[in-house]
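Trainee: File entry-v8.pdb follows (PDB, C-alpha atoms, pLDDT in the B column):
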ATOM      1  CA  GLU A   1     156.723  -7.722  -1.289  1.00 94.00           C
ATOM      2  CA  VAL A   2     154.951  -5.450   1.188  1.00 96.00           C
ATOM      3  CA  HIS A   3     155.843  -6.157   4.783  1.00 97.00           C
ATOM      4  CA  LEU A   4     154.446  -4.433   7.868  1.00 97.00           C
ATOM      5  CA  LEU A   5     155.737  -5.349  11.315  1.00 97.00           C
ATOM      6  CA  GLU A   6     154.069  -3.909  14.391  1.00 97.00           C
ATOM      7  CA  SER A   7     155.688  -3.750  17.807  1.00 97.00           C
ATOM      8  CA  GLY A   8     155.199  -2.093  21.155  1.00 96.00           C
ATOM      9  CA  GLY A   9     152.111  -3.870  22.379  1.00 95.00           C
ATOM     10  CA  GLY A  10     151.763  -5.502  25.755  1.00 94.00           C
ATOM     11  CA  LEU A  11     150.170  -5.026  29.143  1.00 94.00           C
ATOM     12  CA  VAL A  12     149.714  -1.402  30.159  1.00 93.00           C
ATOM     13  CA  GLN A  13     148.002   0.109  33.169  1.00 92.00           C
ATOM     14  CA  PRO A  14     145.082   2.487  32.660  1.00 92.00           C
ATOM     15  CA  GLY A  15     146.511   5.966  32.143  1.00 86.00           C
ATOM     16  CA  GLY A  16     149.999   4.703  31.322  1.00 84.00           C
ATOM     17  CA  PRO A  17     151.419   5.872  27.968  1.00 89.00           C
ATOM     18  CA  LEU A  18     152.207   3.413  25.202  1.00 94.00           C
ATOM     19  CA  ARG A  19     153.701   3.805  21.754  1.00 97.00           C
ATOM     20  CA  LEU A  20     153.133   1.359  18.947  1.00 98.00           C
ATOM     21  CA  SER A  21     155.490   1.186  15.983  1.00 98.00           C
ATOM     22  CA  CYS A  22     155.163  -0.286  12.523  1.00 98.00           C
ATOM     23  CA  ALA A  23     158.202  -0.937  10.361  1.00 98.00           C
ATOM     24  CA  ALA A  24     157.303  -0.904   6.671  1.00 98.00           C
ATOM     25  CA  SER A  25     159.165  -2.302   3.694  1.00 97.00           C
ATOM     26  CA  GLY A  26     158.579  -3.382   0.117  1.00 97.00           C
ATOM     27  CA  PHE A  27     157.004  -0.151  -1.129  1.00 96.00           C
ATOM     28  CA  THR A  28     157.671   3.600  -1.374  1.00 96.00           C
ATOM     29  CA  PHE A  29     156.545   4.500   2.118  1.00 97.00           C
ATOM     30  CA  TYR A  30     156.122   8.272   1.744  1.00 96.00           C
ATOM     31  CA  ASN A  31     153.821   7.802  -1.255  1.00 95.00           C
ATOM     32  CA  HIS A  32     151.096   6.107   0.727  1.00 96.00           C
ATOM     33  CA  ALA A  33     148.703   6.984   3.500  1.00 95.00           C
ATOM     34  CA  MET A  34     148.894   4.674   6.490  1.00 97.00           C
ATOM     35  CA  ASN A  35     146.287   3.584   8.991  1.00 97.00           C
ATOM     36  CA  TRP A  36     145.755   1.928  12.328  1.00 98.00           C
ATOM     37  CA  VAL A  37     142.799  -0.430  12.666  1.00 98.00           C
ATOM     38  CA  ARG A  38     141.975  -2.409  15.793  1.00 97.00           C
ATOM     39  CA  GLN A  39     139.938  -5.426  16.811  1.00 95.00           C
ATOM     40  CA  ALA A  40     138.849  -5.846  20.413  1.00 96.00           C
ATOM     41  CA  PRO A  41     138.431  -9.402  21.729  1.00 94.00           C
ATOM     42  CA  GLY A  42     135.335 -10.979  20.211  1.00 91.00           C
ATOM     43  CA  LYS A  43     134.455  -7.785  18.351  1.00 93.00           C
ATOM     44  CA  GLY A  44     134.598  -6.496  14.797  1.00 93.00           C
ATOM     45  CA  LEU A  45     137.107  -4.246  13.095  1.00 94.00           C
ATOM     46  CA  GLU A  46     137.342  -0.583  14.082  1.00 96.00           C
ATOM     47  CA  TRP A  47     139.204   2.133  12.181  1.00 96.00           C
ATOM     48  CA  VAL A  48     141.407   4.138  14.568  1.00 97.00           C
ATOM     49  CA  SER A  49     143.430   6.671  12.599  1.00 96.00           C
ATOM     50  CA  THR A  50     144.853   7.691   9.194  1.00 95.00           C
ATOM     51  CA  ILE A  51     147.878   9.765   8.229  1.00 96.00           C
ATOM     52  CA  VAL A  52     148.606  10.990   4.718  1.00 95.00           C
ATOM     53  CA  GLY A  53     151.905  10.196   3.015  1.00 95.00           C
ATOM     54  CA  SER A  54     153.592  13.500   3.844  1.00 95.00           C
ATOM     55  CA  GLY A  55     152.347  13.406   7.415  1.00 95.00           C
ATOM     56  CA  SER A  56     150.667  16.790   6.963  1.00 96.00           C
ATOM     57  CA  ALA A  57     147.146  15.585   7.721  1.00 94.00           C
ATOM     58  CA  THR A  58     145.781  13.142  10.258  1.00 95.00           C
ATOM     59  CA  TYR A  59     142.319  11.772  11.040  1.00 94.00           C
ATOM     60  CA  TYR A  60     140.937   9.991  14.093  1.00 95.00           C
ATOM     61  CA  ALA A  61     137.933   8.017  15.236  1.00 94.00           C
ATOM     62  CA  ASP A  62     135.909   9.900  17.827  1.00 94.00           C
ATOM     63  CA  SER A  63     136.622   7.135  20.353  1.00 95.00           C
ATOM     64  CA  VAL A  64     140.357   7.969  20.374  1.00 96.00           C
ATOM     65  CA  LYS A  65     140.446  11.642  19.425  1.00 95.00           C
ATOM     66  CA  GLY A  66     142.491  13.641  21.886  1.00 94.00           C
ATOM     67  CA  ARG A  67     144.109  10.536  23.395  1.00 95.00           C
ATOM     68  CA  PHE A  68     145.860   8.890  20.423  1.00 97.00           C
ATOM     69  CA  THR A  69     148.421  10.507  18.118  1.00 98.00           C
ATOM     70  CA  ILE A  70     149.411   9.020  14.765  1.00 98.00           C
ATOM     71  CA  SER A  71     152.736  10.017  13.236  1.00 98.00           C
ATOM     72  CA  ARG A  72     155.295   8.747  10.773  1.00 98.00           C
ATOM     73  CA  ASP A  73     159.001   8.990  10.061  1.00 98.00           C
ATOM     74  CA  ASN A  74     159.408   8.751   6.291  1.00 98.00           C
ATOM     75  CA  SER A  75     163.202   8.648   6.608  1.00 97.00           C
ATOM     76  CA  GLU A  76     162.875   5.460   8.681  1.00 98.00           C
ATOM     77  CA  ASN A  77     159.783   3.986   6.922  1.00 98.00           C
ATOM     78  CA  THR A  78     158.068   3.753  10.283  1.00 98.00           C
ATOM     79  CA  LEU A  79     154.537   4.479  11.453  1.00 98.00           C
ATOM     80  CA  TYR A  80     153.681   5.244  15.078  1.00 98.00           C
ATOM     81  CA  LEU A  81     150.654   5.377  17.327  1.00 98.00           C
ATOM     82  CA  GLN A  82     151.057   7.141  20.658  1.00 97.00           C
ATOM     83  CA  ILE A  83     148.380   6.072  23.142  1.00 95.00           C
ATOM     84  CA  SER A  84     147.903   8.456  26.043  1.00 91.00           C
ATOM     85  CA  SER A  85     145.587   7.671  28.927  1.00 89.00           C
ATOM     86  CA  PRO A  86     144.667   4.176  27.703  1.00 93.00           C
ATOM     87  CA  ARG A  87     141.374   2.761  28.898  1.00 94.00           C
ATOM     88  CA  ALA A  88     140.164  -0.798  29.319  1.00 94.00           C
ATOM     89  CA  GLU A  89     138.112  -0.414  26.148  1.00 95.00           C
ATOM     90  CA  ASP A  90     141.318   0.215  24.169  1.00 96.00           C
ATOM     91  CA  THR A  91     142.278  -3.429  24.723  1.00 97.00           C
ATOM     92  CA  ALA A  92     142.589  -4.839  21.213  1.00 97.00           C
ATOM     93  CA  ILE A  93     144.865  -6.109  18.500  1.00 97.00           C
ATOM     94  CA  TYR A  94     146.194  -3.083  16.651  1.00 98.00           C
ATOM     95  CA  TYR A  95     146.918  -3.496  12.955  1.00 98.00           C
ATOM     96  CA  CYS A  96     149.151  -1.283  10.847  1.00 98.00           C
ATOM     97  CA  VAL A  97     147.588  -0.946   7.402  1.00 98.00           C
ATOM     98  CA  LYS A  98     148.909   0.432   4.125  1.00 97.00           C
ATOM     99  CA  ALA A  99     146.435   2.366   2.022  1.00 95.00           C
ATOM    100  CA  GLY A 100     146.108   1.406  -1.611  1.00 92.00           C
ATOM    101  CA  GLY A 101     146.936   3.722  -4.483  1.00 85.00           C
ATOM    102  CA  GLN A 102     146.183   7.366  -3.783  1.00 85.00           C
ATOM    103  CA  SER A 103     143.303   6.590  -1.448  1.00 86.00           C
ATOM    104  CA  LEU A 104     143.232   7.165   2.283  1.00 88.00           C
ATOM    105  CA  GLY A 105     140.859   4.440   3.323  1.00 87.00           C
ATOM    106  CA  LEU A 106     141.437   1.471   1.030  1.00 93.00           C
ATOM    107  CA  PHE A 107     143.145  -1.014   3.363  1.00 96.00           C
ATOM    108  CA  GLU A 108     145.384  -2.813   0.914  1.00 97.00           C
ATOM    109  CA  TYR A 109     147.954  -4.570   3.135  1.00 97.00           C
ATOM    110  CA  TRP A 110     147.825  -5.407   6.821  1.00 97.00           C
ATOM    111  CA  GLY A 111     150.455  -6.270   9.357  1.00 97.00           C
ATOM    112  CA  GLN A 112     150.032  -9.217  11.714  1.00 96.00           C
ATOM    113  CA  GLY A 113     149.029  -6.933  14.554  1.00 97.00           C
ATOM    114  CA  THR A 114     150.202  -6.224  18.092  1.00 97.00           C
ATOM    115  CA  LEU A 115     148.072  -6.922  21.148  1.00 97.00           C
ATOM    116  CA  VAL A 116     147.480  -4.129  23.635  1.00 97.00           C
ATOM    117  CA  THR A 117     145.952  -5.099  26.971  1.00 97.00           C
ATOM    118  CA  VAL A 118     144.912  -2.291  29.294  1.00 95.00           C
ATOM    119  CA  SER A 119     144.505  -3.572  32.816  1.00 93.00           C
ATOM    120  CA  SER A 120     145.592  -2.784  36.350  1.00 90.00           C
TER     121      SER A 120
ATOM    122  CA  ASP B   1     128.506   8.746  10.384  1.00 89.00           C
ATOM    123  CA  ILE B   2     127.820   6.138   7.717  1.00 93.00           C
ATOM    124  CA  GLN B   3     126.581   2.836   9.146  1.00 96.00           C
ATOM    125  CA  LEU B   4     127.085  -0.483   7.350  1.00 97.00           C
ATOM    126  CA  THR B   5     124.675  -3.331   8.033  1.00 97.00           C
ATOM    127  CA  GLN B   6     125.828  -6.793   7.020  1.00 98.00           C
ATOM    128  CA  SER B   7     123.567  -9.783   6.662  1.00 97.00           C
ATOM    129  CA  PRO B   8     123.485 -12.482   7.667  1.00 97.00           C
ATOM    130  CA  SER B   9     125.728 -12.284  10.725  1.00 97.00           C
ATOM    131  CA  SER B  10     126.583 -15.944  10.251  1.00 97.00           C
ATOM    132  CA  LEU B  11     125.798 -18.762   7.867  1.00 97.00           C
ATOM    133  CA  SER B  12     126.545 -22.436   7.462  1.00 97.00           C
ATOM    134  CA  ALA B  13     127.506 -23.780   4.060  1.00 96.00           C
ATOM    135  CA  SER B  14     129.126 -26.771   2.442  1.00 95.00           C
ATOM    136  CA  VAL B  15     132.162 -27.036   0.198  1.00 96.00           C
ATOM    137  CA  GLY B  16     131.027 -26.299  -3.342  1.00 96.00           C
ATOM    138  CA  ASP B  17     128.129 -24.056  -2.323  1.00 97.00           C
ATOM    139  CA  ARG B  18     127.501 -20.534  -3.554  1.00 97.00           C
ATOM    140  CA  VAL B  19     127.344 -17.969  -0.755  1.00 97.00           C
ATOM    141  CA  THR B  20     126.134 -14.368  -0.899  1.00 98.00           C
ATOM    142  CA  ILE B  21     126.683 -11.769   1.809  1.00 98.00           C
ATOM    143  CA  ALA B  22     124.901  -8.424   1.784  1.00 98.00           C
ATOM    144  CA  CYS B  23     126.082  -5.036   3.007  1.00 98.00           C
ATOM    145  CA  GLN B  24     123.775  -2.027   3.180  1.00 98.00           C
ATOM    146  CA  ALA B  25     125.007   1.517   3.767  1.00 97.00           C
ATOM    147  CA  SER B  26     122.976   4.103   5.656  1.00 97.00           C
ATOM    148  CA  GLN B  27     123.565   6.589   2.851  1.00 95.00           C
ATOM    149  CA  ASP B  28     124.869   6.687  -0.709  1.00 95.00           C
ATOM    150  CA  ILE B  29     128.584   5.770  -0.824  1.00 94.00           C
ATOM    151  CA  THR B  30     128.733   5.366  -4.610  1.00 95.00           C
ATOM    152  CA  LYS B  31     131.371   2.701  -5.291  1.00 95.00           C
ATOM    153  CA  TYR B  32     133.543   3.167  -2.164  1.00 94.00           C
ATOM    154  CA  LEU B  33     132.963  -0.222  -0.581  1.00 96.00           C
ATOM    155  CA  ASN B  34     135.580  -2.894   0.092  1.00 97.00           C
ATOM    156  CA  TRP B  35     135.429  -6.497   1.312  1.00 98.00           C
ATOM    157  CA  TYR B  36     137.918  -8.235   3.616  1.00 98.00           C
ATOM    158  CA  GLN B  37     138.438 -11.803   4.794  1.00 98.00           C
ATOM    159  CA  LYS B  38     139.513 -12.423   8.388  1.00 95.00           C
ATOM    160  CA  LYS B  39     140.627 -15.745   9.844  1.00 94.00           C
ATOM    161  CA  PRO B  40     141.320 -16.284  13.558  1.00 91.00           C
ATOM    162  CA  GLY B  41     144.831 -15.276  14.494  1.00 90.00           C
ATOM    163  CA  LYS B  42     145.528 -13.881  11.039  1.00 93.00           C
ATOM    164  CA  ALA B  43     145.569 -10.391   9.576  1.00 93.00           C
ATOM    165  CA  PRO B  44     142.598  -9.357   7.439  1.00 94.00           C
ATOM    166  CA  LYS B  45     143.025  -9.603   3.689  1.00 97.00           C
ATOM    167  CA  LEU B  46     141.547  -7.315   1.061  1.00 97.00           C
ATOM    168  CA  LEU B  47     139.433  -9.257  -1.426  1.00 98.00           C
ATOM    169  CA  ILE B  48     137.363  -6.724  -3.355  1.00 98.00           C
ATOM    170  CA  TYR B  49     137.818  -2.954  -3.659  1.00 96.00           C
ATOM    171  CA  ASP B  50     135.550  -0.272  -5.058  1.00 95.00           C
ATOM    172  CA  ALA B  51     132.576  -2.613  -4.871  1.00 97.00           C
ATOM    173  CA  SER B  52     133.509  -4.943  -7.722  1.00 98.00           C
ATOM    174  CA  ASN B  53     137.253  -4.983  -8.378  1.00 97.00           C
ATOM    175  CA  LEU B  54     139.040  -8.192  -7.487  1.00 98.00           C
ATOM    176  CA  LYS B  55     142.412  -7.627  -5.846  1.00 97.00           C
ATOM    177  CA  THR B  56     145.262  -9.221  -7.766  1.00 95.00           C
ATOM    178  CA  GLY B  57     145.884 -12.744  -6.560  1.00 96.00           C
ATOM    179  CA  VAL B  58     142.415 -13.276  -5.085  1.00 97.00           C
ATOM    180  CA  PRO B  59     140.672 -16.305  -6.595  1.00 97.00           C
ATOM    181  CA  SER B  60     138.038 -15.529  -9.223  1.00 98.00           C
ATOM    182  CA  ARG B  61     135.366 -17.404  -7.269  1.00 98.00           C
ATOM    183  CA  PHE B  62     135.077 -14.200  -5.209  1.00 98.00           C
ATOM    184  CA  SER B  63     133.053 -11.385  -6.753  1.00 98.00           C
ATOM    185  CA  GLY B  64     131.507  -8.123  -5.606  1.00 98.00           C
ATOM    186  CA  ASN B  65     128.581  -6.144  -6.858  1.00 98.00           C
ATOM    187  CA  GLY B  66     126.615  -3.040  -6.003  1.00 98.00           C
ATOM    188  CA  TYR B  67     126.542   0.751  -6.029  1.00 98.00           C
ATOM    189  CA  GLY B  68     125.076   3.454  -3.864  1.00 96.00           C
ATOM    190  CA  ARG B  69     123.693   1.779  -0.740  1.00 98.00           C
ATOM    191  CA  HIS B  70     123.405  -1.919  -1.584  1.00 98.00           C
ATOM    192  CA  PHE B  71     126.331  -4.264  -2.072  1.00 98.00           C
ATOM    193  CA  THR B  72     126.977  -8.008  -2.167  1.00 98.00           C
ATOM    194  CA  LEU B  73     129.935 -10.347  -1.900  1.00 98.00           C
ATOM    195  CA  THR B  74     129.482 -13.704  -3.619  1.00 98.00           C
ATOM    196  CA  ILE B  75     131.682 -16.752  -3.220  1.00 98.00           C
ATOM    197  CA  ASN B  76     131.130 -19.409  -5.865  1.00 97.00           C
ATOM    198  CA  ASN B  77     132.219 -23.030  -5.322  1.00 96.00           C
ATOM    199  CA  LEU B  78     133.071 -22.487  -1.656  1.00 97.00           C
ATOM    200  CA  GLN B  79     136.436 -23.983  -0.729  1.00 96.00           C
ATOM    201  CA  PRO B  80     137.665 -25.209   2.685  1.00 94.00           C
ATOM    202  CA  GLU B  81     140.008 -22.220   2.974  1.00 95.00           C
ATOM    203  CA  ASP B  82     137.077 -19.807   2.540  1.00 96.00           C
ATOM    204  CA  PHE B  83     135.601 -20.536   5.958  1.00 93.00           C
ATOM    205  CA  ALA B  84     136.267 -17.239   7.700  1.00 96.00           C
ATOM    206  CA  THR B  85     134.632 -13.973   8.719  1.00 96.00           C
ATOM    207  CA  TYR B  86     133.967 -11.374   6.034  1.00 98.00           C
ATOM    208  CA  PHE B  87     133.709  -7.636   6.602  1.00 97.00           C
ATOM    209  CA  CYS B  88     132.571  -4.818   4.363  1.00 98.00           C
ATOM    210  CA  GLN B  89     134.072  -1.338   4.799  1.00 97.00           C
ATOM    211  CA  GLN B  90     133.266   2.073   3.357  1.00 95.00           C
ATOM    212  CA  TYR B  91     135.698   4.876   2.650  1.00 90.00           C
ATOM    213  CA  ASP B  92     133.448   7.470   1.089  1.00 85.00           C
ATOM    214  CA  ASP B  93     133.502   9.457   4.293  1.00 72.00           C
ATOM    215  CA  LEU B  94     137.204  10.304   4.632  1.00 75.00           C
ATOM    216  CA  PRO B  95     138.211  13.065   5.009  1.00 79.00           C
ATOM    217  CA  PRO B  96     137.255  13.725   7.661  1.00 75.00           C
ATOM    218  CA  GLY B  97     135.871  10.292   8.567  1.00 80.00           C
ATOM    219  CA  PRO B  98     135.059   8.071  10.171  1.00 88.00           C
ATOM    220  CA  LEU B  99     135.757   5.023   8.079  1.00 93.00           C
ATOM    221  CA  THR B 100     133.399   2.271   9.099  1.00 95.00           C
ATOM    222  CA  PHE B 101     133.122  -1.510   8.887  1.00 97.00           C
ATOM    223  CA  GLY B 102     130.143  -3.776   8.795  1.00 97.00           C
ATOM    224  CA  GLY B 103     129.597  -6.098  11.730  1.00 96.00           C
ATOM    225  CA  GLY B 104     130.959  -9.123   9.891  1.00 97.00           C
ATOM    226  CA  THR B 105     129.572 -12.369   8.517  1.00 97.00           C
ATOM    227  CA  LYS B 106     130.992 -15.630   9.805  1.00 97.00           C
ATOM    228  CA  VAL B 107     130.941 -18.403   7.209  1.00 97.00           C
ATOM    229  CA  GLU B 108     130.991 -21.792   8.934  1.00 95.00           C
ATOM    230  CA  ILE B 109     131.127 -25.351   7.719  1.00 88.00           C
ATOM    231  CA  LYS B 110     127.770 -27.105   7.616  1.00 86.00           C
TER     232      LYS B 110
END
As structure tokens, how would this structure be written, given the file I've shared?
Mentor:
Amino acid sequence: EVHLLESGGGLVQPGGPLRLSCAASGFTFYNHAMNWVRQAPGKGLEWVSTIVGSGSATYYADSVKGRFTISRDNSENTLYLQISSPRAEDTAIYYCVKAGGQSLGLFEYWGQGTLVTVSS
Amino acid sequence: DIQLTQSPSSLSASVGDRVTIACQASQDITKYLNWYQKKPGKAPKLLIYDASNLKTGVPSRFSGNGYGRHFTLTINNLQPEDFATYFCQQYDDLPPGPLTFGGGTKVEIK
């Protein structure tokens, strides 16, 4: 059974760094692209970033490009999202999402999410 | 960027009803359209992928249709557990992105 467990969320001050983690199990981690998707309070879903299985390619939404860094440790089956210079508009639930099959953007399984609140 | 327009944004229906939600893409995305169900406090769940393929384990009362720019999600015989918000999402545009979601359709109890 696929299991994705996010951690690292919480209250962070604007500009303060934050790193989210996602522990994955139940599938061959390095064979699948992984994603971060977020949902701000009262808003819809927003794709944040994608990393291919090997980690050799990454993609970002324009709203986070240059501030967020996605990475993965295939030896530890863990996905990361480094958030530099967070802004109030980054306040959201962040979901770790496994891509389906060989695709990059088919969001097959989702974690329960971790809440990030950016506020002074 | 590819925009997805969902309609309606909300609807009221009764148990047993048939419900159809539309999703229109701003450009041709062939079959690369997925549908998700989201309940408050819960993670989204994939229902339909590649426009019309039912994910294993999803009840057969859910179905998807469409190609190109126009897509629909239909729920037959609406059940109490189906009251939720539904999102469409395209992945024709990655790489390099962005992947985009529709604005969502909230299905409420009449």
Trainee: So which residues get picked by the PyMOL selection byres ((chain B) within 9 of (chain A)) here, written as number ranges by chain?
Mentor: B: 32-34, 36, 41-46, 49-50, 55, 87, 89-104
Trainee: For the structure provided, state which residues fall under the PyMOL selection byres ((chain A and resi 17) around 8), and present them as a PyMOL selection string.
Mentor: chain A and resi 12+15-16+18-19+82-86
Trainee: Mind checking which residues fall within 9 Å of Ser7 (chain A), counting all atoms listed in the file, ignoring those fewer than 3 positions away in the same chain, and posting them as a list in words?
Mentor: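 Counting all atoms listed in the file, the residues come to Arg19, Leu20, Ser21, Cys22, Ala23, Gly113, Thr114 and Leu115 of chain A.
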Trainee: Could you work out how far CA of Gly42 (chain A) lies from CA of Ala13 (chain B), giving the answer in Å with one decimal?
Mentor: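 Interatomic distance here is 22.0 Å.
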Trainee: Please compute the CA of Gln102 (chain A)-CA of Glu76 (chain A) distance, one decimal, in Å.
Mentor: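 Between CA of Gln102 (chain A) and CA of Glu76 (chain A) the gap works out to 20.9 Å.
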Trainee: Check which residues satisfy the PyMOL selection byres ((chain A and resi 54-56) around 12) in the file shown, then give them as a VMD selection string.
Mentor: chain A and resid 28 to 35 50 to 53 57 to 59 69 to 75 77 to 80
Trainee: Can you tell me how far CA of Gly66 (chain B) sits from CA of Leu11 (chain B), in Å to one decimal?
Mentor: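 Answer for the CA of Gly66 (chain B) to CA of Leu11 (chain B) separation: 21.0 Å.
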Trainee: Using all atoms listed in the file, give me every residue within 6 Å of (126.6, -13.7, -1.3) in file coordinates, as a PyMOL selection string.
Mentor: chain B and resi 19-21+72-74
Trainee: Mind dumping the selected residues with C-alpha atoms as a PDB file, in the coordinates of the input?
Mentor:
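Listed below is the output, part-v1.pdb:
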ATOM      1  CA  VAL B  19     127.344 -17.969  -0.755  1.00 97.00           C
ATOM      2  CA  THR B  20     126.134 -14.368  -0.899  1.00 98.00           C
ATOM      3  CA  ILE B  21     126.683 -11.769   1.809  1.00 98.00           C
ATOM      4  CA  THR B  72     126.977  -8.008  -2.167  1.00 98.00           C
ATOM      5  CA  LEU B  73     129.935 -10.347  -1.900  1.00 98.00           C
ATOM      6  CA  THR B  74     129.482 -13.704  -3.619  1.00 98.00           C
TER       7      THR B  74
END
Trainee: Counting all atoms listed in the file, figure out which residue out of A:Asp90, A:Phe27, A:Val118, A:Trp36 gets nearest to Ser63 (chain A).
Mentor: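 Comparing A:Asp90, A:Phe27, A:Val118, A:Trp36 against Ser63 (chain A), the winner is A:Asp90.
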Trainee: Using only the atoms of region 14-29 of chain A listed in the file, plus 4 Å on each side, state the axis-aligned box centre and edge lengths in Å rounded to one decimal, as AutoDock Vina command-line options.
Mentor:
--center_x 152.1 --center_y 1.3 --center_z 15.6 --size_x 22.1 --size_y 17.3 --size_z 42.0
Trainee: Near Glu108 (chain B), within 12 Å and counting only C-alpha atoms, which residues show up once chain neighbours fewer than 4 positions away are dropped, as an MDAnalysis selection string?
Mentor: chainID B and resid 9:15 17 19 39 78:86
Trainee: Please produce an output containing C-alpha atoms for each residue in the selection, written as an mmCIF file, keeping the file's coordinate frame.
Mentor:
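The result, written out as out.cif:
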data_model
loop_
_atom_site.group_PDB
_atom_site.id
_atom_site.type_symbol
_atom_site.label_atom_id
_atom_site.label_comp_id
_atom_site.auth_asym_id
_atom_site.auth_seq_id
_atom_site.Cartn_x
_atom_site.Cartn_y
_atom_site.Cartn_z
ATOM 1 C CA SER B 9 125.728 -12.284 10.725
ATOM 2 C CA SER B 10 126.583 -15.944 10.251
ATOM 3 C CA LEU B 11 125.798 -18.762 7.867
ATOM 4 C CA SER B 12 126.545 -22.436 7.462
ATOM 5 C CA ALA B 13 127.506 -23.780 4.060
ATOM 6 C CA SER B 14 129.126 -26.771 2.442
ATOM 7 C CA VAL B 15 132.162 -27.036 0.198
ATOM 8 C CA ASP B 17 128.129 -24.056 -2.323
ATOM 9 C CA VAL B 19 127.344 -17.969 -0.755
ATOM 10 C CA LYS B 39 140.627 -15.745 9.844
ATOM 11 C CA LEU B 78 133.071 -22.487 -1.656
ATOM 12 C CA GLN B 79 136.436 -23.983 -0.729
ATOM 13 C CA PRO B 80 137.665 -25.209 2.685
ATOM 14 C CA GLU B 81 140.008 -22.220 2.974
ATOM 15 C CA ASP B 82 137.077 -19.807 2.540
ATOM 16 C CA PHE B 83 135.601 -20.536 5.958
ATOM 17 C CA ALA B 84 136.267 -17.239 7.700
ATOM 18 C CA THR B 85 134.632 -13.973 8.719
ATOM 19 C CA TYR B 86 133.967 -11.374 6.034
#
Trainee: Calculated over only C-alpha atoms, which of the candidates A:Val116, A:Lys65, A:Gly26, A:Gln13 has the smallest distance to Glu1 (chain A)?
Mentor: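 For Glu1 (chain A), the nearest of the given residues is A:Gly26.
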Trainee: When you look at region 3-8 of chain B with a cut-off of 6 Å (counting only C-alpha atoms), what residues show up, excluding the ones that are within fewer than 4 positions of it in the same chain? I need them as a list in words.
Mentor: Ala22, Cys23, Gln24, Ala25, Ser26 and Gly102 of chain B
Trainee: Using all atoms listed in the file, determine which residues lie at most 7 Å from Ser25 (chain A), disregarding the query and same-chain residues fewer than 3 positions distant; provide the list as number ranges by chain.
Mentor: A: 2-4
